[in-house]
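Asker: Handing over coords-v7.cif, mmCIF, N, CA, C and O atoms.
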data_input
#
loop_
_atom_site.group_PDB
_atom_site.id
_atom_site.type_symbol
_atom_site.label_atom_id
_atom_site.label_comp_id
_atom_site.auth_asym_id
_atom_site.auth_seq_id
_atom_site.Cartn_x
_atom_site.Cartn_y
_atom_site.Cartn_z
ATOM 1 N N MET A 1 178.536 99.076 92.072
ATOM 2 C CA MET A 1 179.896 99.561 92.115
ATOM 3 C C MET A 1 180.821 98.486 91.562
ATOM 4 O O MET A 1 180.889 97.384 92.065
ATOM 5 N N ASN A 2 181.523 98.788 90.509
ATOM 6 C CA ASN A 2 182.468 97.869 89.897
ATOM 7 C C ASN A 2 183.872 98.381 90.167
ATOM 8 O O ASN A 2 184.225 99.479 89.768
ATOM 9 N N THR A 3 184.689 97.562 90.827
ATOM 10 C CA THR A 3 186.052 97.980 91.152
ATOM 11 C C THR A 3 186.967 97.883 89.947
ATOM 12 O O THR A 3 188.028 98.488 89.937
ATOM 13 N N GLY A 4 186.581 97.100 88.937
ATOM 14 C CA GLY A 4 187.427 96.879 87.774
ATOM 15 C C GLY A 4 188.515 95.855 88.036
ATOM 16 O O GLY A 4 189.267 95.508 87.146
ATOM 17 N N GLN A 5 188.591 95.356 89.248
ATOM 18 C CA GLN A 5 189.596 94.353 89.578
ATOM 19 C C GLN A 5 189.013 92.959 89.404
ATOM 20 O O GLN A 5 187.854 92.710 89.708
ATOM 21 N N ARG A 6 189.864 92.063 88.883
ATOM 22 C CA ARG A 6 189.419 90.710 88.562
ATOM 23 C C ARG A 6 190.060 89.706 89.534
ATOM 24 O O ARG A 6 191.257 89.749 89.784
ATOM 25 N N ILE A 7 189.221 88.793 90.042
ATOM 26 C CA ILE A 7 189.684 87.758 90.955
ATOM 27 C C ILE A 7 189.308 86.396 90.388
ATOM 28 O O ILE A 7 188.158 86.164 90.018
ATOM 29 N N LEU A 8 190.300 85.527 90.304
ATOM 30 C CA LEU A 8 190.088 84.153 89.862
ATOM 31 C C LEU A 8 190.076 83.260 91.098
ATOM 32 O O LEU A 8 191.022 83.272 91.892
ATOM 33 N N ILE A 9 189.009 82.491 91.247
ATOM 34 C CA ILE A 9 188.886 81.540 92.355
ATOM 35 C C ILE A 9 189.088 80.140 91.786
ATOM 36 O O ILE A 9 188.342 79.703 90.914
ATOM 37 N N VAL A 10 190.109 79.448 92.283
ATOM 38 C CA VAL A 10 190.383 78.073 91.862
ATOM 39 C C VAL A 10 190.105 77.191 93.079
ATOM 40 O O VAL A 10 190.903 77.118 94.005
ATOM 41 N N GLU A 11 188.960 76.551 93.065
ATOM 42 C CA GLU A 11 188.455 75.832 94.244
ATOM 43 C C GLU A 11 187.559 74.683 93.800
ATOM 44 O O GLU A 11 186.669 74.895 92.961
ATOM 45 N N ASP A 12 187.768 73.487 94.337
ATOM 46 C CA ASP A 12 186.940 72.347 93.956
ATOM 47 C C ASP A 12 185.705 72.165 94.831
ATOM 48 O O ASP A 12 184.772 71.476 94.450
ATOM 49 N N ASP A 13 185.657 72.795 95.987
ATOM 50 C CA ASP A 13 184.489 72.703 96.867
ATOM 51 C C ASP A 13 183.445 73.720 96.402
ATOM 52 O O ASP A 13 183.652 74.929 96.489
ATOM 53 N N GLN A 14 182.329 73.204 95.918
ATOM 54 C CA GLN A 14 181.286 74.051 95.324
ATOM 55 C C GLN A 14 180.752 75.094 96.297
ATOM 56 O O GLN A 14 180.549 76.254 95.924
ATOM 57 N N ALA A 15 180.515 74.722 97.546
ATOM 58 C CA ALA A 15 179.952 75.658 98.524
ATOM 59 C C ALA A 15 180.923 76.806 98.808
ATOM 60 O O ALA A 15 180.516 77.974 98.868
ATOM 61 N N ILE A 16 182.190 76.495 98.970
ATOM 62 C CA ILE A 16 183.190 77.536 99.214
ATOM 63 C C ILE A 16 183.296 78.457 98.006
ATOM 64 O O ILE A 16 183.328 79.686 98.142
ATOM 65 N N LYS A 17 183.343 77.859 96.830
ATOM 66 C CA LYS A 17 183.462 78.637 95.596
ATOM 67 C C LYS A 17 182.271 79.573 95.417
ATOM 68 O O LYS A 17 182.439 80.751 95.095
ATOM 69 N N GLU A 18 181.066 79.079 95.649
ATOM 70 C CA GLU A 18 179.876 79.920 95.508
ATOM 71 C C GLU A 18 179.861 81.050 96.530
ATOM 72 O O GLU A 18 179.513 82.183 96.199
ATOM 73 N N PHE A 19 180.233 80.748 97.769
ATOM 74 C CA PHE A 19 180.261 81.777 98.805
ATOM 75 C C PHE A 19 181.259 82.875 98.454
ATOM 76 O O PHE A 19 180.937 84.073 98.524
ATOM 77 N N LEU A 20 182.479 82.485 98.100
ATOM 78 C CA LEU A 20 183.495 83.478 97.749
ATOM 79 C C LEU A 20 183.076 84.292 96.527
ATOM 80 O O LEU A 20 183.212 85.516 96.508
ATOM 81 N N SER A 21 182.578 83.616 95.508
ATOM 82 C CA SER A 21 182.166 84.299 94.280
ATOM 83 C C SER A 21 181.092 85.341 94.545
ATOM 84 O O SER A 21 181.189 86.482 94.087
ATOM 85 N N GLN A 22 180.068 84.944 95.282
ATOM 86 C CA GLN A 22 178.961 85.863 95.550
ATOM 87 C C GLN A 22 179.413 87.018 96.429
ATOM 88 O O GLN A 22 179.061 88.179 96.182
ATOM 89 N N SER A 23 180.190 86.718 97.450
ATOM 90 C CA SER A 23 180.660 87.769 98.364
ATOM 91 C C SER A 23 181.517 88.789 97.626
ATOM 92 O O SER A 23 181.362 90.005 97.813
ATOM 93 N N LEU A 24 182.428 88.314 96.798
ATOM 94 C CA LEU A 24 183.306 89.228 96.059
ATOM 95 C C LEU A 24 182.545 89.999 94.980
ATOM 96 O O LEU A 24 182.792 91.189 94.773
ATOM 97 N N ALA A 25 181.626 89.335 94.308
ATOM 98 C CA ALA A 25 180.817 90.022 93.298
ATOM 99 C C ALA A 25 179.966 91.116 93.950
ATOM 100 O O ALA A 25 179.814 92.208 93.389
ATOM 101 N N ASP A 26 179.430 90.831 95.143
ATOM 102 C CA ASP A 26 178.641 91.829 95.862
ATOM 103 C C ASP A 26 179.476 93.065 96.220
ATOM 104 O O ASP A 26 178.937 94.162 96.356
ATOM 105 N N GLU A 27 180.777 92.889 96.356
ATOM 106 C CA GLU A 27 181.679 93.998 96.663
ATOM 107 C C GLU A 27 182.198 94.696 95.407
ATOM 108 O O GLU A 27 182.997 95.620 95.490
ATOM 109 N N GLY A 28 181.754 94.227 94.232
ATOM 110 C CA GLY A 28 182.087 94.911 92.996
ATOM 111 C C GLY A 28 183.244 94.337 92.199
ATOM 112 O O GLY A 28 183.680 94.943 91.219
ATOM 113 N N TYR A 29 183.723 93.167 92.573
ATOM 114 C CA TYR A 29 184.819 92.546 91.837
ATOM 115 C C TYR A 29 184.286 91.711 90.685
ATOM 116 O O TYR A 29 183.201 91.147 90.769
ATOM 117 N N ASP A 30 185.057 91.633 89.615
ATOM 118 C CA ASP A 30 184.761 90.705 88.528
ATOM 119 C C ASP A 30 185.375 89.374 88.939
ATOM 120 O O ASP A 30 186.567 89.309 89.246
ATOM 121 N N VAL A 31 184.560 88.325 88.937
ATOM 122 C CA VAL A 31 185.006 87.037 89.459
ATOM 123 C C VAL A 31 184.871 85.958 88.395
ATOM 124 O O VAL A 31 183.868 85.887 87.688
ATOM 125 N N ALA A 32 185.907 85.124 88.286
ATOM 126 C CA ALA A 32 185.859 83.925 87.458
ATOM 127 C C ALA A 32 186.173 82.744 88.359
ATOM 128 O O ALA A 32 186.888 82.879 89.357
ATOM 129 N N ASN A 33 185.627 81.585 88.008
ATOM 130 C CA ASN A 33 185.794 80.390 88.820
ATOM 131 C C ASN A 33 186.376 79.247 88.016
ATOM 132 O O ASN A 33 186.104 79.127 86.819
ATOM 133 N N ALA A 34 187.150 78.406 88.699
ATOM 134 C CA ALA A 34 187.678 77.189 88.099
ATOM 135 C C ALA A 34 187.561 76.070 89.129
ATOM 136 O O ALA A 34 187.805 76.284 90.315
ATOM 137 N N ASP A 35 187.190 74.870 88.658
ATOM 138 C CA ASP A 35 187.024 73.722 89.547
ATOM 139 C C ASP A 35 188.325 73.007 89.872
ATOM 140 O O ASP A 35 188.370 72.189 90.787
ATOM 141 N N ASN A 36 189.369 73.257 89.078
ATOM 142 C CA ASN A 36 190.661 72.622 89.336
ATOM 143 C C ASN A 36 191.767 73.476 88.714
ATOM 144 O O ASN A 36 191.498 74.455 88.010
ATOM 145 N N GLY A 37 192.984 73.100 88.983
ATOM 146 C CA GLY A 37 194.122 73.882 88.522
ATOM 147 C C GLY A 37 194.254 73.988 87.015
ATOM 148 O O GLY A 37 194.653 75.025 86.501
ATOM 149 N N TRP A 38 193.919 72.911 86.295
ATOM 150 C CA TRP A 38 194.029 72.971 84.827
ATOM 151 C C TRP A 38 193.097 74.024 84.258
ATOM 152 O O TRP A 38 193.478 74.809 83.392
ATOM 153 N N ILE A 39 191.873 74.035 84.733
ATOM 154 C CA ILE A 39 190.912 75.042 84.260
ATOM 155 C C ILE A 39 191.393 76.434 84.656
ATOM 156 O O ILE A 39 191.324 77.383 83.877
ATOM 157 N N GLY A 40 191.901 76.559 85.870
ATOM 158 C CA GLY A 40 192.432 77.841 86.332
ATOM 159 C C GLY A 40 193.550 78.357 85.435
ATOM 160 O O GLY A 40 193.587 79.538 85.083
ATOM 161 N N LEU A 41 194.452 77.463 85.049
ATOM 162 C CA LEU A 41 195.548 77.872 84.167
ATOM 163 C C LEU A 41 195.039 78.365 82.819
ATOM 164 O O LEU A 41 195.569 79.318 82.259
ATOM 165 N N THR A 42 193.994 77.716 82.297
ATOM 166 C CA THR A 42 193.457 78.141 81.004
ATOM 167 C C THR A 42 192.768 79.502 81.089
ATOM 168 O O THR A 42 192.697 80.212 80.097
ATOM 169 N N LEU A 43 192.272 79.858 82.269
ATOM 170 C CA LEU A 43 191.577 81.141 82.429
ATOM 171 C C LEU A 43 192.510 82.327 82.651
ATOM 172 O O LEU A 43 192.120 83.469 82.449
ATOM 173 N N ILE A 44 193.723 82.062 83.081
ATOM 174 C CA ILE A 44 194.640 83.159 83.411
ATOM 175 C C ILE A 44 194.877 84.083 82.221
ATOM 176 O O ILE A 44 194.780 85.306 82.350
ATOM 177 N N GLU A 45 195.153 83.515 81.061
ATOM 178 C CA GLU A 45 195.465 84.361 79.915
ATOM 179 C C GLU A 45 194.255 85.161 79.435
ATOM 180 O O GLU A 45 194.373 86.351 79.137
ATOM 181 N N SER A 46 193.096 84.537 79.396
ATOM 182 C CA SER A 46 191.919 85.241 78.883
ATOM 183 C C SER A 46 191.310 86.194 79.916
ATOM 184 O O SER A 46 190.852 87.276 79.576
ATOM 185 N N PHE A 47 191.294 85.802 81.191
ATOM 186 C CA PHE A 47 190.666 86.613 82.239
ATOM 187 C C PHE A 47 191.622 87.645 82.829
ATOM 188 O O PHE A 47 191.203 88.711 83.265
ATOM 189 N N GLN A 48 192.895 87.356 82.838
ATOM 190 C CA GLN A 48 193.949 88.222 83.375
ATOM 191 C C GLN A 48 193.602 88.749 84.770
ATOM 192 O O GLN A 48 193.409 89.943 84.983
ATOM 193 N N PRO A 49 193.558 87.828 85.742
ATOM 194 C CA PRO A 49 193.161 88.230 87.097
ATOM 195 C C PRO A 49 194.214 89.101 87.781
ATOM 196 O O PRO A 49 195.412 88.976 87.534
ATOM 197 N N ASP A 50 193.725 89.968 88.649
ATOM 198 C CA ASP A 50 194.602 90.759 89.513
ATOM 199 C C ASP A 50 194.999 89.953 90.744
ATOM 200 O O ASP A 50 196.025 90.221 91.375
ATOM 201 N N LEU A 51 194.147 88.988 91.113
ATOM 202 C CA LEU A 51 194.374 88.158 92.291
ATOM 203 C C LEU A 51 193.838 86.763 92.010
ATOM 204 O O LEU A 51 192.793 86.618 91.366
ATOM 205 N N ILE A 52 194.552 85.745 92.496
ATOM 206 C CA ILE A 52 194.089 84.359 92.385
ATOM 207 C C ILE A 52 193.941 83.795 93.790
ATOM 208 O O ILE A 52 194.895 83.811 94.577
ATOM 209 N N LEU A 53 192.735 83.336 94.119
ATOM 210 C CA LEU A 53 192.493 82.621 95.366
ATOM 211 C C LEU A 53 192.563 81.136 95.028
ATOM 212 O O LEU A 53 191.755 80.641 94.241
ATOM 213 N N LEU A 54 193.528 80.438 95.606
ATOM 214 C CA LEU A 54 193.881 79.101 95.155
ATOM 215 C C LEU A 54 193.795 78.071 96.274
ATOM 216 O O LEU A 54 194.468 78.205 97.305
ATOM 217 N N ASP A 55 192.976 77.052 96.050
ATOM 218 C CA ASP A 55 192.917 75.901 96.945
ATOM 219 C C ASP A 55 194.175 75.068 96.683
ATOM 220 O O ASP A 55 194.514 74.789 95.534
ATOM 221 N N MET A 56 194.873 74.692 97.712
ATOM 222 C CA MET A 56 196.122 73.950 97.531
ATOM 223 C C MET A 56 195.901 72.453 97.334
ATOM 224 O O MET A 56 196.745 71.781 96.762
ATOM 225 N N TYR A 57 194.771 71.926 97.785
ATOM 226 C CA TYR A 57 194.509 70.490 97.682
ATOM 227 C C TYR A 57 193.265 70.236 96.851
ATOM 228 O O TYR A 57 192.145 70.297 97.345
ATOM 229 N N MET A 58 193.485 69.944 95.557
ATOM 230 C CA MET A 58 192.399 69.692 94.608
ATOM 231 C C MET A 58 192.768 68.504 93.735
ATOM 232 O O MET A 58 193.949 68.197 93.569
ATOM 233 N N PRO A 59 191.767 67.880 93.121
ATOM 234 C CA PRO A 59 192.073 66.817 92.156
ATOM 235 C C PRO A 59 192.584 67.417 90.842
ATOM 236 O O PRO A 59 192.485 68.620 90.618
ATOM 237 N N ILE A 60 193.114 66.600 90.010
ATOM 238 C CA ILE A 60 193.602 66.909 88.661
ATOM 239 C C ILE A 60 194.900 67.708 88.703
ATOM 240 O O ILE A 60 195.936 67.211 88.311
ATOM 241 N N LEU A 61 194.876 68.931 89.150
ATOM 242 C CA LEU A 61 196.094 69.734 89.310
ATOM 243 C C LEU A 61 195.921 70.530 90.585
ATOM 244 O O LEU A 61 195.094 71.450 90.642
ATOM 245 N N ASP A 62 196.693 70.181 91.616
ATOM 246 C CA ASP A 62 196.514 70.863 92.896
ATOM 247 C C ASP A 62 197.229 72.218 92.894
ATOM 248 O O ASP A 62 197.922 72.583 91.946
ATOM 249 N N GLY A 63 197.027 72.968 93.955
ATOM 250 C CA GLY A 63 197.597 74.304 94.059
ATOM 251 C C GLY A 63 199.101 74.320 94.030
ATOM 252 O O GLY A 63 199.716 75.248 93.494
ATOM 253 N N TRP A 64 199.730 73.299 94.602
ATOM 254 C CA TRP A 64 201.191 73.251 94.612
ATOM 255 C C TRP A 64 201.746 73.129 93.203
ATOM 256 O O TRP A 64 202.711 73.808 92.843
ATOM 257 N N ASP A 65 201.127 72.258 92.393
ATOM 258 C CA ASP A 65 201.570 72.121 91.000
ATOM 259 C C ASP A 65 201.183 73.342 90.179
ATOM 260 O O ASP A 65 201.897 73.732 89.257
ATOM 261 N N PHE A 66 200.060 73.957 90.505
ATOM 262 C CA PHE A 66 199.605 75.163 89.816
ATOM 263 C C PHE A 66 200.651 76.269 89.923
ATOM 264 O O PHE A 66 201.003 76.897 88.925
ATOM 265 N N ILE A 67 201.166 76.504 91.130
ATOM 266 C CA ILE A 67 202.120 77.598 91.297
ATOM 267 C C ILE A 67 203.497 77.244 90.743
ATOM 268 O O ILE A 67 204.309 78.140 90.498
ATOM 269 N N ALA A 68 203.744 75.946 90.517
ATOM 270 C CA ALA A 68 205.029 75.528 89.954
ATOM 271 C C ALA A 68 205.080 75.730 88.438
ATOM 272 O O ALA A 68 206.172 75.748 87.866
ATOM 273 N N VAL A 69 203.925 75.902 87.822
ATOM 274 C CA VAL A 69 203.874 76.051 86.350
ATOM 275 C C VAL A 69 204.337 77.418 85.932
ATOM 276 O O VAL A 69 204.153 78.412 86.436
#
Mind turning the file's structure into structure tokens?
Answerer:
Amino acid sequence: MNTGQRILIVEDDQAIKEFLSQSLADEGYDVANADNGWIGLTLIESFQPDLILLDMYMPILDGWDFIAV
């Protein structure tokens, strides 16, 4: 079952990212992952997510700076 909805996960903790990705994919969502805010920003235009799950405390570009862009 594919919902057609896209979710972008921006998370630096590998275990959390894998758990969320697998759980959401099992429910039929299209999922993309980013290890930090910069990568997440680059994926927004190409992936066009319906929802972004964002870690607020990450290296390189944290969630607070991500939402300020």
Asker: Since I can't run it myself right now, could you work out what the PyMOL selection byres ((chain A and resi 60-66) around 8) selects here and report it as a PyMOL selection string?
Answerer: chain A and resi 10+35-41+54-59+67-69
Asker: Build an axis-aligned box that encloses every atom of stretch 40-56 of chain A listed in the file, pad it by 3 Å on each side, and report its centre and edge lengths in Å to one decimal, as lines of an AutoDock Vina configuration file.
Answerer:
center_x = 193.7
center_y = 81.3
center_z = 88.3
size_x = 12.1
size_y = 25.0
size_z = 24.8
Asker: Just the number, please: distance in Å from atom CA of A:Ile44 to atom C of A:Val31, one decimal.
Answerer: 11.3 Å
Asker: Run the PyMOL selection byres (((chain A and resi 47 and name CA) around 12) and name CA) against the file shown and list the residues it catches, as a list of chain:residue names.
Answerer: A:Gln5, A:Arg6, A:Ile7, A:Leu8, A:Ile9, A:Asp30, A:Val31, A:Ala32, A:Asn33, A:Ala34, A:Ile39, A:Gly40, A:Leu41, A:Thr42, A:Leu43, A:Ile44, A:Glu45, A:Ser46, A:Gln48, A:Pro49, A:Asp50, A:Leu51, A:Ile52
Asker: Report, in Å with one decimal, the straight-line distance from atom O of A:Glu27 to atom N of A:Thr3.
Answerer: 5.3 Å
Asker: Please measure the separation of atom O of A:Asp26 and atom N of A:Asn2, giving the value in Å to one decimal.
Answerer: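 These two atoms are separated by 7.9 Å.
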Asker: Using DSSP on the backbone coordinates, identify the residues of chain A assigned to strand (DSSP E); present them as a PyMOL selection string.
Answerer: chain A and resi 6-10+30-34+51-54
